[in-house]
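Worksheet: the structure to be examined is printed underneath.
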Amino acid sequence: MTPTRAAKRAPSPFGLAAIAILAALGLWLRPGPAAAQIGSDRYAAIVLDARNGNALIAANPDEQRYPASLTKMMTLYMLFEALRDGRVQLSTPIRMSEEAASRPPSKLGLPIGATLTAEQAILALVTKSANDVASAVGEHLAGSEERFAQQMTLRARSIGMTRTTFRNASGLPDPDNVTTARDMATLGLRLFRDFPNRYHYFSTVHFAWGRQTIRNHNRMLGDYDGADGIKTGFIRDSGFNIVTSAMRDGVRLVGVTMGGSSWVERDRHMGALLDQGFAQVGVAPRPPSALMAAAGTAVGSARAATAARAAVADR
């Protein structure tokens with residue numbers, strides 16, 4: 001079932017109930033944009049308690065959506081497995097093929113035949129969400145990106161991502177590259193559990209590449225108290241997606257928001273959902289971040305409008 005078909009179905013009673021509860025609790029700090037997000041047929045969300053995997057909040061969690069660059073979480077999962085199994089070292093060179101170099105932005109821009117190390121590839125995927133690097137990693141691990149996508153799908157199903165299919169390593173537009181909010185939360189949780197010695201890469205704020213300093217697209221790392229990862233995504237058909245893991249008072253939550261109309265709205269909404277999740281498990285509230293505090297101001301609205309106009313595919 002494609003996301004388009006799924007979007008025509010009415011939200012599940014569980015999803016409607018979750019939306020009603022959240023709205024009643026006043027979590028939508030700026031009702032206009034948030035209502036537009038929830039009303040969108042691309043919207044889905046979930047918050048999991050990492051201690052037991054239980055869903056604390058959910059809306060359309062099993063409806064298929066386009067993951068966009070959230071796909072790279074699975075690419076990294078596969079690369080982390082290769083590192084764990086000794087098939088790749090952090091210093092292993094990964095070559096940029098003509099096919100990989102042809103991928104559209106966001107990209108690192110390596111020339112054909114150039115190489116980067118596996119660790120540099122990890123950092124490029126986490127921060128810049130580089131499509132050319134994702135393709136090169138897939139080719140290195142499986143011989144071709146198409147074969148790698150098949151392996152990604154099989155591995156995803158084996159870890160409980162039952163409604164996810166991958167068609168490429170980056171999340172660039174493909175009608176059959178689909179997932180759900182629940183599956184993305186499952187992947188976020190598995191990345192933390194299965195690779196505790198690699199998860200720290202998702203907290204990287206800046207990546208030095210030559211003379212450049214590449215800033216992580218994930219602004220939640222600085223805007224939300226306790227956030228330590230993990231990935232953002234955007235293509236026009238998906239809207240603005242994010243998977244966020246945050247730890248407060250020894251409790252870790254993993255949240256997913258899909259279908260935002262701007263990165264500001266998406267991040268603000270993700271913060272509100274995480275706040276509510278922490279409240280449900282008895283974690284004391286924290287002062288709001290600058291982004292959350294500005295949600296009801298004209299400044300926040302202007303930033304959202306500017307971000308939406310300036311959006312670049314696959315962020």
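By order in the structure tokens, chains are A, B, ...; within a chain, residues start at 1; ligands start at 1, following the order shown.
Neighbouring residues of Arg252 (chain A) at 8 Å or closer, counting only C-alpha atoms and skipping chain neighbours under 6 positions away, are Asp49, Ala50, Arg51, Ser245 and Ala246 of chain A.
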Identify which of the residues A:Gly282, A:Gly113, A:Pro287, A:Gly86 lies closest to Ala101 (chain A), counting only C-alpha atoms when measuring atom-to-atom distances.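 The shortest atom-to-atom distance to Ala101 (chain A) comes from A:Gly113.
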Wanna dump the region 91-136 of chain A-region 172-191 of chain A contacts at 9 Å for me, each residue with its shortest atom pair and the distance in Å to one decimal, counting only C-alpha atoms, ordered by chain and number, as a tab-separated table?
residue	atom	partner	partner_atom	distance
A:Arg103	CA	A:Leu172	CA	8.8
A:Pro104	CA	A:Leu172	CA	8.6
A:Asn131	CA	A:Leu172	CA	7.7
Counting only C-alpha atoms, what is within 8 Å of Lys107 (chain A), bar same-chain residues fewer than 6 positions away, as a list in words?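 Answer for this query is Lys128, Ser129, Ala130, Asn131, Asp132 and Val133 of chain A.
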Writing out the chosen residues with N, CA, C and O atoms as a PDB file, in the first residue's frame:
ATOM      1  N   LYS A 128      25.185  16.197   7.257  1.00  0.00           N
ATOM      2  CA  LYS A 128      24.760  16.807   5.996  1.00  0.00           C
ATOM      3  C   LYS A 128      23.694  15.996   5.274  1.00  0.00           C
ATOM      4  O   LYS A 128      23.079  16.458   4.323  1.00  0.00           O
ATOM      5  N   SER A 129      23.470  14.755   5.733  1.00  0.00           N
ATOM      6  CA  SER A 129      22.502  13.877   5.087  1.00  0.00           C
ATOM      7  C   SER A 129      22.847  13.712   3.605  1.00  0.00           C
ATOM      8  O   SER A 129      21.989  13.829   2.728  1.00  0.00           O
ATOM      9  N   ALA A 130      24.112  13.411   3.343  1.00  0.00           N
ATOM     10  CA  ALA A 130      24.642  13.421   1.978  1.00  0.00           C
ATOM     11  C   ALA A 130      24.144  12.236   1.160  1.00  0.00           C
ATOM     12  O   ALA A 130      24.453  11.082   1.470  1.00  0.00           O
ATOM     13  N   ASN A 131      23.398  12.534   0.105  1.00  0.00           N
ATOM     14  CA  ASN A 131      22.843  11.483  -0.737  1.00  0.00           C
ATOM     15  C   ASN A 131      23.910  10.741  -1.528  1.00  0.00           C
ATOM     16  O   ASN A 131      23.792   9.526  -1.750  1.00  0.00           O
ATOM     17  N   ASP A 132      24.938  11.460  -1.990  1.00  0.00           N
ATOM     18  CA  ASP A 132      26.002  10.789  -2.745  1.00  0.00           C
ATOM     19  C   ASP A 132      26.759   9.811  -1.853  1.00  0.00           C
ATOM     20  O   ASP A 132      27.120   8.704  -2.279  1.00  0.00           O
ATOM     21  N   VAL A 133      26.971  10.167  -0.609  1.00  0.00           N
ATOM     22  CA  VAL A 133      27.667   9.290   0.325  1.00  0.00           C
ATOM     23  C   VAL A 133      26.808   8.070   0.659  1.00  0.00           C
ATOM     24  O   VAL A 133      27.317   6.943   0.742  1.00  0.00           O
TER      25      VAL A 133
END
